[in-house]
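See below for model_29.txt, which holds compact mmCIF, C-alpha atoms and all ligand atoms.
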# COMPACT_ATOMS: atom_id res chain seq x y z
CA MET A 271 0.00 0.00 0.00
CA LEU A 272 1.42 3.34 -1.02
CA LEU A 273 -1.12 6.11 -0.75
CA GLY A 274 -3.29 6.78 2.30
CA CYS A 275 -6.05 9.32 1.75
CA VAL A 276 -8.22 11.17 4.24
CA ALA A 277 -11.35 12.68 2.68
CA ASP A 278 -13.54 15.17 4.52
CA ASP A 279 -16.80 13.66 3.25
CA LEU A 280 -18.18 10.45 1.76
CA THR A 281 -18.95 11.44 -1.82
CA GLY A 282 -15.61 13.25 -1.97
CA ALA A 283 -13.94 10.02 -0.93
CA THR A 284 -15.63 8.09 -3.73
CA ASP A 285 -14.69 10.81 -6.17
CA LEU A 286 -11.03 10.47 -5.23
CA ALA A 287 -11.17 6.66 -5.14
CA LEU A 288 -12.58 6.66 -8.67
CA MET A 289 -9.90 9.03 -9.93
CA LEU A 290 -7.14 6.85 -8.48
CA THR A 291 -8.73 3.69 -9.91
CA ARG A 292 -9.12 5.28 -13.34
CA GLU A 293 -5.45 6.28 -13.30
CA GLY A 294 -4.21 2.84 -12.35
CA LEU A 295 -4.20 2.37 -8.57
CA ARG A 296 -6.04 -0.53 -6.94
CA THR A 297 -8.13 1.40 -4.45
CA VAL A 298 -10.17 0.57 -1.39
CA GLN A 299 -12.55 2.97 0.34
CA SER A 300 -13.38 2.82 4.03
CA THR A 301 -16.22 4.68 5.69
CA GLY A 302 -14.53 5.82 8.89
CA LEU A 303 -11.35 4.26 10.23
CA PRO A 304 -10.13 1.22 8.30
CA PRO A 305 -10.00 -2.00 10.31
CA ALA A 306 -6.48 -2.58 11.69
CA ASP A 307 -6.41 -6.04 10.08
CA LEU A 308 -7.41 -4.81 6.61
CA ASP A 309 -5.57 -6.91 4.00
CA VAL A 310 -3.77 -4.41 1.78
CA SER A 311 -1.51 -6.86 -0.01
CA GLU A 312 -3.34 -6.27 -3.32
CA VAL A 313 -4.07 -2.60 -2.71
CA ASP A 314 -2.21 0.56 -3.79
CA ALA A 315 -4.40 3.20 -2.14
CA VAL A 316 -6.86 3.38 0.76
CA VAL A 317 -9.29 6.29 1.00
CA VAL A 318 -10.85 6.94 4.40
CA ALA A 319 -14.15 8.80 4.26
CA LEU A 320 -14.71 11.07 7.25
CA LYS A 321 -17.57 13.51 7.80
CA SER A 322 -15.32 16.33 8.94
CA ARG A 323 -15.89 19.18 6.52
CA THR A 324 -17.99 21.31 8.82
CA ILE A 325 -17.48 19.83 12.29
CA ALA A 326 -15.56 21.72 15.02
CA VAL A 327 -11.91 22.37 14.09
CA ALA A 328 -10.49 20.34 16.98
CA ASP A 329 -12.64 17.33 16.06
CA ALA A 330 -11.72 17.57 12.38
CA VAL A 331 -8.04 17.69 13.31
CA SER A 332 -8.17 14.77 15.74
CA GLN A 333 -10.25 12.56 13.42
CA SER A 334 -8.01 13.33 10.44
CA VAL A 335 -4.82 12.64 12.38
CA GLU A 336 -6.28 9.40 13.75
CA ALA A 337 -7.21 8.30 10.22
CA ALA A 338 -3.78 9.29 8.89
CA ARG A 339 -2.04 7.33 11.64
CA ALA A 340 -4.20 4.29 10.89
CA LEU A 341 -3.23 4.58 7.22
CA GLN A 342 0.45 4.85 8.12
CA THR A 343 0.09 1.75 10.29
CA LEU A 344 -1.33 -0.06 7.24
CA GLY A 345 1.82 0.95 5.37
CA ALA A 346 0.99 4.25 3.65
CA LEU A 347 4.19 6.04 2.57
CA ARG A 348 2.31 9.05 1.20
CA LEU A 349 -0.71 10.90 2.52
CA PHE A 350 -3.39 12.78 0.60
CA PHE A 351 -5.86 15.10 2.32
CA LYS A 352 -8.92 15.43 0.07
CA TYR A 353 -11.40 18.30 0.28
CA CYS A 354 -13.96 19.79 -2.06
CA SER A 355 -12.98 21.36 -5.38
CA THR A 356 -14.74 24.52 -4.22
CA PHE A 357 -12.44 24.69 -1.16
CA ASP A 358 -15.42 24.51 1.22
CA SER A 359 -14.21 25.99 4.50
CA THR A 360 -14.49 28.98 6.82
CA ASP A 361 -11.89 31.36 8.27
CA GLU A 362 -11.56 28.92 11.18
CA GLY A 363 -10.99 25.87 9.00
CA ASN A 364 -11.11 23.04 8.51
CA ILE A 365 -8.72 22.81 5.57
CA GLY A 366 -5.83 24.83 7.06
CA PRO A 367 -5.81 23.27 10.54
CA VAL A 368 -6.10 19.72 9.20
CA ALA A 369 -3.33 20.35 6.65
CA ASP A 370 -1.19 21.80 9.46
CA ALA A 371 -1.72 18.78 11.68
CA LEU A 372 -0.97 16.34 8.85
CA LEU A 373 2.16 18.31 7.91
CA ASP A 374 3.30 18.04 11.52
CA LEU A 375 2.60 14.31 11.42
CA THR A 376 4.65 13.83 8.27
CA GLY A 377 7.73 15.73 9.37
CA GLY A 378 6.83 19.38 8.82
CA GLY A 379 7.96 19.92 5.23
CA VAL A 380 6.07 21.66 2.45
CA THR A 381 2.81 20.76 0.77
CA ILE A 382 0.47 21.97 -1.92
CA ALA A 383 -3.20 22.93 -1.74
CA CYS A 384 -4.79 22.43 -5.13
CA PRO A 385 -8.54 21.96 -5.54
CA ALA A 386 -8.35 22.49 -9.34
CA PHE A 387 -10.37 20.10 -11.51
CA PRO A 388 -10.67 21.67 -14.98
CA LYS A 389 -12.94 18.93 -16.38
CA ALA A 390 -15.41 19.67 -13.58
CA GLY A 391 -15.13 23.42 -14.23
CA ARG A 392 -12.78 24.18 -11.32
CA THR A 393 -9.75 26.16 -12.49
CA ILE A 394 -7.20 28.22 -10.58
CA TYR A 395 -5.38 31.19 -12.07
CA ALA A 396 -3.21 33.66 -10.14
CA GLY A 397 -4.44 31.89 -7.02
CA TYR A 398 -8.08 32.68 -7.81
CA LEU A 399 -10.51 29.76 -7.97
CA PHE A 400 -13.09 29.82 -10.74
CA VAL A 401 -16.22 27.66 -10.78
CA ASN A 402 -17.42 27.14 -14.34
CA GLY A 403 -15.66 30.33 -15.34
CA VAL A 404 -17.06 32.44 -12.50
CA PRO A 405 -14.94 33.53 -9.51
CA LEU A 406 -15.71 31.37 -6.46
CA ASN A 407 -17.20 34.32 -4.56
CA GLU A 408 -19.67 34.97 -7.41
CA SER A 409 -20.57 31.29 -7.85
CA PRO A 410 -23.44 29.57 -6.00
CA MET A 411 -20.86 28.81 -3.28
CA LYS A 412 -21.30 32.38 -2.03
CA ASP A 413 -24.65 31.28 -0.59
CA HIS A 414 -23.65 27.88 0.77
CA PRO A 415 -25.50 27.34 4.08
CA LEU A 416 -22.45 26.04 5.98
CA THR A 417 -19.36 27.24 4.13
CA PRO A 418 -20.23 30.39 2.16
CA MET A 419 -17.18 31.37 0.10
CA HIS A 420 -16.74 35.14 -0.12
CA ASP A 421 -13.15 35.31 -1.35
CA ALA A 422 -11.91 33.62 -4.53
CA ASN A 423 -8.24 34.21 -3.70
CA LEU A 424 -7.20 30.90 -2.20
CA VAL A 425 -3.85 32.20 -0.97
CA ARG A 426 -5.74 34.64 1.25
CA VAL A 427 -8.42 32.09 2.18
CA LEU A 428 -5.87 29.48 3.29
CA GLN A 429 -3.62 32.04 4.97
CA ARG A 430 -6.52 32.95 7.28
CA GLN A 431 -6.63 29.30 8.37
CA THR A 432 -2.97 28.59 9.10
CA GLN A 433 0.10 30.07 10.82
CA ARG A 434 2.33 28.59 8.13
CA LYS A 435 3.25 30.84 5.23
CA VAL A 436 1.02 30.30 2.20
CA GLY A 437 2.47 30.96 -1.27
CA LEU A 438 1.47 30.54 -4.90
CA ILE A 439 2.87 28.43 -7.69
CA PRO A 440 1.71 30.61 -10.57
CA PHE A 441 0.50 29.54 -13.98
CA GLU A 442 3.80 30.37 -15.73
CA THR A 443 5.69 28.04 -13.41
CA VAL A 444 3.12 25.24 -13.68
CA ASP A 445 3.05 25.62 -17.43
CA ALA A 446 6.86 25.33 -17.52
CA GLY A 447 6.56 21.78 -16.16
CA PRO A 448 7.45 19.58 -13.18
CA GLU A 449 11.03 20.78 -12.74
CA ALA A 450 9.98 24.42 -12.43
CA ILE A 451 7.21 23.51 -10.00
CA ARG A 452 9.57 21.46 -7.84
CA LYS A 453 12.11 24.27 -7.76
CA LEU A 454 9.60 26.76 -6.43
CA LEU A 455 8.22 24.20 -3.96
CA GLU A 456 11.68 23.75 -2.51
CA SER A 457 12.64 27.42 -2.59
CA GLY A 458 11.59 27.98 1.01
CA ALA A 459 9.24 30.79 -0.12
CA ALA A 460 6.30 29.16 1.72
CA LYS A 461 5.18 26.00 3.49
CA MET A 462 1.87 25.58 1.68
CA PHE A 463 1.42 26.48 -1.96
CA ILE A 464 -1.81 27.11 -3.81
CA VAL A 465 -1.13 25.84 -7.34
CA ASP A 466 -2.58 27.30 -10.53
CA ALA A 467 -4.05 24.81 -13.01
CA ILE A 468 -6.42 25.35 -15.90
CA ALA A 469 -6.04 22.10 -17.86
CA ASP A 470 -5.43 18.40 -17.24
CA GLY A 471 -1.86 18.78 -18.49
CA HIS A 472 -1.19 21.05 -15.53
CA LEU A 473 -2.56 18.47 -13.11
CA ARG A 474 -0.23 15.86 -14.61
CA SER A 475 2.76 18.20 -14.27
CA ILE A 476 1.81 18.92 -10.68
CA GLY A 477 1.48 15.17 -10.00
CA ALA A 478 4.97 14.58 -11.35
CA ALA A 479 6.35 17.46 -9.28
CA VAL A 480 4.84 16.42 -5.95
CA ALA A 481 5.13 12.62 -6.02
CA HIS A 482 7.99 12.82 -3.52
CA LEU A 483 6.05 14.88 -0.95
CA PRO A 484 4.91 12.98 2.15
CA LEU A 485 1.64 14.99 2.12
CA ILE A 486 -0.45 16.40 -0.69
CA THR A 487 -3.70 18.27 -0.19
CA GLY A 488 -6.35 19.05 -2.78
CA GLY A 489 -9.38 17.94 -4.71
CA SER A 490 -9.62 14.71 -6.65
CA GLY A 491 -8.35 16.49 -9.79
CA VAL A 492 -4.80 16.82 -8.53
CA ALA A 493 -4.69 13.06 -7.92
CA MET A 494 -4.88 12.57 -11.69
CA GLY A 495 -1.14 12.83 -12.19
CA LEU A 496 -0.07 10.86 -9.12
CA PRO A 497 -0.30 7.20 -10.22
CA ALA A 498 1.90 7.70 -13.29
CA ALA A 499 4.31 9.79 -11.24
CA TYR A 500 4.50 7.10 -8.54
CA LEU A 501 5.25 4.51 -11.21
CA LYS A 502 7.99 6.68 -12.68
CA ALA A 503 9.49 7.20 -9.23
CA GLY A 504 9.52 3.45 -8.66
CA LEU A 505 7.09 3.65 -5.74
CA ILE A 506 4.75 1.15 -7.42
CA ASP A 507 5.76 -1.46 -9.95
CA ARG A 508 2.82 -1.19 -12.35
CA LEU A 509 -0.40 0.60 -13.11
CA THR A 510 -3.53 -1.54 -13.02
CA PRO A 511 -6.03 -0.70 -15.77
CA ALA A 512 -9.40 0.39 -14.40
CA PRO A 513 -11.73 -2.61 -14.62
CA GLU A 514 -14.46 -2.65 -17.29
CA GLN A 515 -16.32 -5.25 -15.28
CA MET A 516 -16.24 -6.50 -11.72
CA ALA A 517 -16.45 -10.07 -10.52
CA ALA A 518 -19.25 -10.39 -8.00
CA PRO A 519 -20.75 -13.34 -6.16
CA GLN A 520 -23.65 -14.91 -8.08
CA GLY A 521 -27.02 -14.21 -6.54
CA ARG A 522 -30.15 -12.10 -6.59
CA GLN A 523 -30.33 -8.39 -7.45
CA ALA A 524 -32.16 -5.57 -5.70
CA ILE A 525 -32.55 -1.82 -6.11
CA LEU A 526 -33.35 0.33 -3.07
CA ALA A 527 -34.09 3.99 -3.75
CA GLY A 528 -34.49 6.48 -0.90
CA SER A 529 -33.47 9.54 -2.88
CA CYS A 530 -36.06 12.05 -4.04
CA SER A 531 -33.61 13.87 -6.32
CA ALA A 532 -34.67 14.53 -9.89
CA ALA A 533 -32.21 12.05 -11.43
CA THR A 534 -33.33 9.23 -9.14
CA ARG A 535 -37.03 9.93 -9.80
CA GLY A 536 -36.28 9.66 -13.52
CA GLN A 537 -34.44 6.38 -12.96
CA VAL A 538 -37.36 5.00 -10.93
CA LYS A 539 -39.78 5.96 -13.70
CA THR A 540 -37.63 4.36 -16.40
CA ALA A 541 -37.26 1.15 -14.39
CA ILE A 542 -41.02 0.90 -13.77
CA GLU A 543 -41.79 1.55 -17.43
CA ALA A 544 -39.31 -1.18 -18.36
CA GLY A 545 -41.40 -3.60 -16.29
CA LEU A 546 -39.20 -4.16 -13.22
CA PRO A 547 -41.21 -5.48 -10.28
CA ASN A 548 -41.56 -2.56 -7.89
CA LEU A 549 -42.90 -1.59 -4.51
CA ARG A 550 -43.45 1.94 -3.28
CA ILE A 551 -42.77 2.90 0.32
CA ASP A 552 -45.18 5.43 1.75
CA PRO A 553 -43.56 7.16 4.77
CA LEU A 554 -46.97 8.01 6.26
CA GLU A 555 -48.07 4.38 6.15
CA VAL A 556 -44.75 3.32 7.63
CA ALA A 557 -45.20 5.87 10.43
CA SER A 558 -48.71 4.63 11.17
CA GLY A 559 -47.64 1.00 11.07
CA THR A 560 -49.76 0.00 8.07
CA GLN A 561 -46.68 -0.66 5.95
CA THR A 562 -43.99 -2.72 7.70
CA ALA A 563 -40.61 -4.27 6.93
CA GLY A 564 -42.19 -7.69 7.47
CA GLN A 565 -44.79 -7.09 4.76
CA ILE A 566 -42.19 -5.75 2.37
CA LEU A 567 -39.99 -8.80 2.90
CA GLN A 568 -42.99 -11.05 2.19
CA TRP A 569 -43.37 -9.15 -1.09
CA VAL A 570 -39.62 -9.69 -1.74
CA ASP A 571 -40.09 -13.44 -1.26
CA ARG A 572 -42.82 -13.51 -3.92
CA GLN A 573 -40.70 -11.86 -6.63
CA PRO A 574 -39.07 -13.75 -9.50
CA LYS A 575 -35.54 -14.70 -8.53
CA ASP A 576 -33.99 -14.10 -11.92
CA LYS A 577 -34.43 -10.36 -12.24
CA PRO A 578 -33.94 -7.28 -10.10
CA PHE A 579 -36.78 -5.50 -8.35
CA LEU A 580 -37.12 -1.97 -7.12
CA ILE A 581 -38.20 -0.77 -3.68
CA TYR A 582 -38.48 2.99 -3.61
CA SER A 583 -39.68 5.89 -1.51
CA SER A 584 -38.72 8.47 -4.12
CA ASP A 585 -41.43 11.06 -4.58
CA ASP A 586 -41.85 14.51 -6.07
CA PRO A 587 -41.09 17.68 -4.05
CA ASP A 588 -44.74 18.45 -3.22
CA ALA A 589 -45.39 15.00 -1.84
CA VAL A 590 -42.15 15.07 0.13
CA ARG A 591 -43.13 18.45 1.59
CA GLN A 592 -46.50 17.10 2.69
CA VAL A 593 -44.87 14.12 4.36
CA GLN A 594 -42.36 16.38 6.07
CA GLU A 595 -45.14 18.67 7.31
CA ARG A 596 -46.89 15.69 8.86
CA LEU A 597 -43.87 13.86 10.28
CA GLY A 598 -41.14 16.51 10.51
CA ARG A 599 -38.22 16.59 8.07
CA ALA A 600 -35.75 14.63 10.18
CA GLN A 601 -38.33 12.09 11.33
CA ALA A 602 -39.50 11.44 7.76
CA GLY A 603 -35.89 10.89 6.68
CA THR A 604 -35.12 8.56 9.56
CA ILE A 605 -38.25 6.46 9.06
CA VAL A 606 -37.36 5.73 5.45
CA GLU A 607 -33.64 5.27 6.10
CA ASP A 608 -34.30 2.85 8.97
CA LEU A 609 -36.78 0.85 6.93
CA LEU A 610 -34.49 0.54 3.89
CA GLY A 611 -31.56 -0.34 6.20
CA HIS A 612 -33.69 -3.03 7.82
CA ILE A 613 -34.70 -4.48 4.45
CA ALA A 614 -31.13 -4.38 3.15
CA ALA A 615 -29.89 -6.25 6.21
CA ALA A 616 -32.44 -9.03 5.55
CA LEU A 617 -31.42 -9.53 1.90
CA PRO A 618 -28.08 -11.42 2.13
CA ALA A 619 -29.74 -14.31 3.96
CA ARG A 620 -32.25 -14.48 1.09
CA GLY A 621 -29.49 -14.93 -1.48
CA PHE A 622 -29.03 -11.33 -2.59
CA THR A 623 -25.46 -10.46 -3.59
CA ARG A 624 -25.93 -7.47 -5.91
CA MET A 625 -27.54 -4.24 -4.88
CA ILE A 626 -27.98 -0.69 -6.13
CA VAL A 627 -28.78 1.96 -3.53
CA ALA A 628 -29.90 5.46 -4.55
CA GLY A 629 -29.33 8.39 -2.19
CA GLY A 630 -26.35 9.56 -0.15
CA GLU A 631 -27.95 9.31 3.29
CA THR A 632 -29.82 6.20 2.21
CA SER A 633 -26.53 4.58 1.16
CA GLY A 634 -25.03 5.46 4.53
CA ALA A 635 -27.92 3.73 6.31
CA VAL A 636 -27.69 0.62 4.09
CA VAL A 637 -23.92 0.31 4.38
CA GLN A 638 -24.20 0.60 8.15
CA ALA A 639 -26.96 -2.01 8.30
CA LEU A 640 -24.85 -4.40 6.22
CA GLY A 641 -21.63 -3.64 8.15
CA ALA A 642 -20.07 -3.02 4.73
CA GLY A 643 -17.84 -0.04 5.51
CA VAL A 644 -14.85 -1.20 3.48
CA LEU A 645 -15.31 -1.30 -0.29
CA THR A 646 -13.06 -2.16 -3.21
CA ILE A 647 -13.67 0.28 -6.04
CA GLY A 648 -14.66 -1.37 -9.33
CA PRO A 649 -15.80 -0.13 -12.73
CA GLU A 650 -17.47 3.26 -13.16
CA ILE A 651 -21.11 2.83 -14.26
CA ASP A 652 -21.86 6.48 -14.92
CA PRO A 653 -19.70 9.50 -13.98
CA GLY A 654 -19.06 9.43 -10.25
CA VAL A 655 -20.73 6.08 -9.52
CA PRO A 656 -18.66 2.89 -9.38
CA TRP A 657 -19.60 -0.67 -8.59
CA THR A 658 -17.90 -1.62 -5.37
CA ARG A 659 -17.42 -4.93 -3.60
CA SER A 660 -17.62 -5.07 0.15
CA ARG A 661 -14.59 -6.32 2.04
CA SER A 662 -16.19 -6.17 5.46
CA GLY A 663 -19.50 -7.59 6.65
CA VAL A 664 -21.25 -9.55 3.89
CA ASP A 665 -19.71 -10.19 0.46
CA MET A 666 -21.77 -8.07 -1.92
CA ALA A 667 -21.53 -5.94 -5.02
CA LEU A 668 -22.85 -2.49 -4.13
CA ALA A 669 -23.48 0.52 -6.31
CA LEU A 670 -24.01 3.47 -3.97
CA LYS A 671 -25.43 6.31 -5.99
CA SER A 672 -25.60 9.90 -4.86
CA GLY A 673 -29.18 10.99 -5.60
CA ASN A 674 -28.53 13.22 -8.56
CA PHE A 675 -25.98 10.99 -10.31
CA GLY A 676 -26.47 8.63 -13.20
CA ALA A 677 -28.36 8.49 -16.48
CA SER A 678 -32.07 7.62 -16.59
CA ASP A 679 -31.41 3.96 -17.47
CA PHE A 680 -28.96 3.53 -14.58
CA PHE A 681 -31.03 0.88 -12.76
CA LEU A 682 -31.30 -1.18 -15.95
CA LYS A 683 -27.80 -1.02 -17.37
CA ALA A 684 -25.62 -1.05 -14.22
CA TRP A 685 -25.86 -4.87 -13.97
CA ASP A 686 -24.01 -5.31 -17.29
CA ARG A 687 -20.79 -4.29 -15.54
CA LEU A 688 -20.94 -7.28 -13.20
CA ALA A 689 -19.46 -10.64 -14.12
P1 LIG B 701 -29.94 12.36 -2.07
O1 LIG B 701 -28.60 11.75 -2.38
O2 LIG B 701 -30.82 12.48 -3.27
O3 LIG B 701 -29.85 13.63 -1.28
P2 LIG B 701 -30.49 11.01 0.40
O4 LIG B 701 -30.68 9.55 0.61
O5 LIG B 701 -29.18 11.59 0.83
O6 LIG B 701 -30.71 11.29 -1.16
O7 LIG B 701 -31.61 11.86 1.11
C1 LIG B 701 -32.97 11.63 0.91
C2 LIG B 701 -33.66 11.75 2.24
O8 LIG B 701 -35.07 11.83 2.01
C3 LIG B 701 -33.43 10.55 3.13
O9 LIG B 701 -33.30 10.97 4.46
C4 LIG B 701 -34.71 9.75 2.94
O10 LIG B 701 -34.99 8.90 4.03
C5 LIG B 701 -35.73 10.84 2.80
N1 LIG B 701 -36.92 10.42 2.06
C6 LIG B 701 -36.98 9.45 1.13
N2 LIG B 701 -38.21 9.34 0.62
C7 LIG B 701 -38.96 10.27 1.23
C8 LIG B 701 -40.33 10.67 1.11
N3 LIG B 701 -41.16 10.08 0.24
N4 LIG B 701 -40.77 11.66 1.89
C9 LIG B 701 -39.93 12.29 2.75
N5 LIG B 701 -38.63 11.97 2.90
C10 LIG B 701 -38.15 10.97 2.15
Serialized structure, structure tokens:
Amino acid sequence: MLLGCVADDLTGATDLALMLTREGLRTVQSTGLPPADLDVSEVDAVVVALKSRTIAVADAVSQSVEAARALQTLGALRLFFKYCSTFDSTDEGNIGPVADALLDLTGGGVTIACPAFPKAGRTIYAGYLFVNGVPLNESPMKDHPLTPMHDANLVRVLQRQTQRKVGLIPFETVDAGPEAIRKLLESGAAKMFIVDAIADGHLRSIGAAVAHLPLITGGSGVAMGLPAAYLKAGLIDRLTPAPEQMAAPQGRQAILAGSCSAATRGQVKTAIEAGLPNLRIDPLEVASGTQTAGQILQWVDRQPKDKPFLIYSSDDPDAVRQVQERLGRAQAGTIVEDLLGHIAAALPARGFTRMIVAGGETSGAVVQALGAGVLTIGPEIDPGVPWTRSRSGVDMALALKSGNFGASDFFLKAWDRLA
């Protein structure tokens, strides 16, 4: 195992894990601390997903350091601190303080801070972060409920969060290539450098220039150049092509959808129109006890064994609002999450080995119910959504889909990527 990554949220972790897989590293993702006995003999990178983006600074620091230490114990020679490509943070943190603590842990040298991801519309020029061509402080991030971004100059933003000197590796230097970048990094001008990047070629140059650093911080974009750079530096002996398909245990297939996002509602509609057996969860009936997990599992037992079925609570915004008015927002969410978690936990014993889950919170509930916190990253089904195979708890193929991800035929076509 070479690269240990600490991500400040779950979807960010998957994003990074996918990038590393695509670029040739065999990658495992762990929700929370990885088990101490995790077998990493066939693994190049482990990504730990925390939920630390907006928690108190001291907690973010201690959780990140704990995760980094666990990764070092598993053998990580390099650390990567992953945050959002829009640099989501406040003047208090948590990016600066966590980067500081991880720099201390890795010997106190220099590091970079580079959230650039040109393909996703995140570019940095003269230290200013642009989101789809608009300065960060004019983008929708200016109104973010938890981390409103009012300054697009990342040198200033990060400098407010750390005692260490923050500098800039400007476009001209990045454009001149890895040697020029490395020279400035090692000039002593600063301890943390924001790095300009407006195209993938820049990310690859940055990767080549920073492969020797014990700690790198940034978005998933800057990980693009790392695998090839690690190979060149002799830190790994080969790149492993991203899998087109994933071997999964033979067994039954299920789709559980607890997301009410537009993309998921479209996917539910497409699946129903295609004739998949389906059952709708009504949160009000669940709350009143007229719809129960027991009944739903009886329905499961009556379904044909040779094709997937869909259990969904997805509904349109008006209906969701009505449910929330009756039950309360949090209570409505918990009722559905608990029910889907309960159903998921009952499926392995019924021969289910392949499951798609739609919804970020819903996925969290299902993964917890299955005890499947450690996942090997497999082929990408649609942008941002891979098949994974659990390495803890039950042995299952899981596609955990953030609500708004995936094309409308996602529930129908995803299975083709399983062998
Ligand atoms: P997304 O990724 O689309 O945000 P999540 O699973 O993260 O999806 O969040 C959806 C939330 O809505 C969950 O807490 C879920 O339990 C809740 N929910 C699902 N269906 C309904 C419904 N019909 N009415 C109210 N809340 C619902």
**Message:** Could you list, as a VMD selection string, every residue within 8 Å of stretch 497-506 of chain A, counting all atoms listed in the file and ignoring same-chain residues fewer than 3 positions away?
**Reply:** chain A and resid 272 290 293 to 295 314 477 to 478 481 493 to 494 509
**Prompt:** Leaving out stretch 298-305 of chain A and any residue of its chain fewer than 6 positions from it, which residues lie within 8 Å of it when counting all atoms listed in the file, given as a list in words?
**Reply:**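 Residues near the query, excluding close chain neighbours: Leu280, Ala283, Thr284, Ala287, Val313, Ala315, Val316, Val317, Val318, Ala319, Leu320, Ala337, Ala340, Leu341, Gly643, Val644, Leu645, Thr646 and Ile647 of chain A.
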**Prompt:** ligand LIG 701 (chain B): which residues are within 10 Å, counting all atoms listed in the file, as a ChimeraX atom specification?
**Reply:** /A:281,527-535,550-554,582-610,627-635,670-675
**Prompt:** Which is closest to A:Ser334 among A:Met289, A:Ala346, A:Val276, A:Met625, if we use all atoms listed in the file?
**Reply:**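 Using all atoms listed in the file, A:Ser334 sits closest to A:Val276.
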**Item:** Pick from A:Ala689, A:Ala467, A:Gln342, A:Asn548 nearest to A:Ala386, counting only C-alpha atoms
**Value:** A:Ala467
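Here atom CA of A:Asp686 and atom CA of A:Leu526 stand 17.9 Å from one another.
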**Item:** Pairwise distance for atom CA of A:Gln333 and atom CA of A:Val492, rounded to one decimal in Å
**Value:**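 We find that atom CA of A:Gln333 and atom CA of A:Val492 lie 23.0 Å from each other.
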**Asked** Between A:Trp657, A:His482, A:Gly471, A:Val436, which has the minimum distance to A:Arg452 (counting only C-alpha atoms)?
**Response** A:His482
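We find atom CA of A:Asn402 and atom CA of A:Lys389 to be spaced 9.6 Å apart.
The shortest atom-to-atom distance to A:Gln433, with only C-alpha atoms taken into account, belongs to A:Met462 out of A:Met462, A:Leu454, A:Leu580, A:Cys384.
With distances taken over all atoms listed in the file, A:Phe680 is the one residue among A:Gly437, A:Pro385, A:Gly458, A:Phe680 lying closest to A:Pro653.
Close contacts of A:Ile382, defined as residues with an atom at most 7 Å away when counting all atoms listed in the file, with chain neighbours fewer than 2 positions off set aside, comprise Cys384, Met462, Phe463, Ile464, Val465, Ile486 and Thr487 of chain A.
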Residues near A:Thr393, cut-off 8 Å, only C-alpha atoms, skip fewer than 6 positions along chain, as an mmCIF file with C-alpha atoms, in the frame of the given file:
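As written to disk, part04.cif reads:
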data_model
loop_
_atom_site.group_PDB
_atom_site.id
_atom_site.type_symbol
_atom_site.label_atom_id
_atom_site.label_comp_id
_atom_site.auth_asym_id
_atom_site.auth_seq_id
_atom_site.Cartn_x
_atom_site.Cartn_y
_atom_site.Cartn_z
ATOM 1 C CA ALA A 386 -8.350 22.490 -9.340
ATOM 2 C CA PHE A 387 -10.370 20.100 -11.510
ATOM 3 C CA LEU A 399 -10.510 29.760 -7.970
ATOM 4 C CA PHE A 400 -13.090 29.820 -10.740
ATOM 5 C CA VAL A 401 -16.220 27.660 -10.780
ATOM 6 C CA ASN A 402 -17.420 27.140 -14.340
ATOM 7 C CA GLY A 403 -15.660 30.330 -15.340
ATOM 8 C CA ASP A 466 -2.580 27.300 -10.530
ATOM 9 C CA ALA A 467 -4.050 24.810 -13.010
ATOM 10 C CA ILE A 468 -6.420 25.350 -15.900
ATOM 11 C CA ALA A 469 -6.040 22.100 -17.860
#
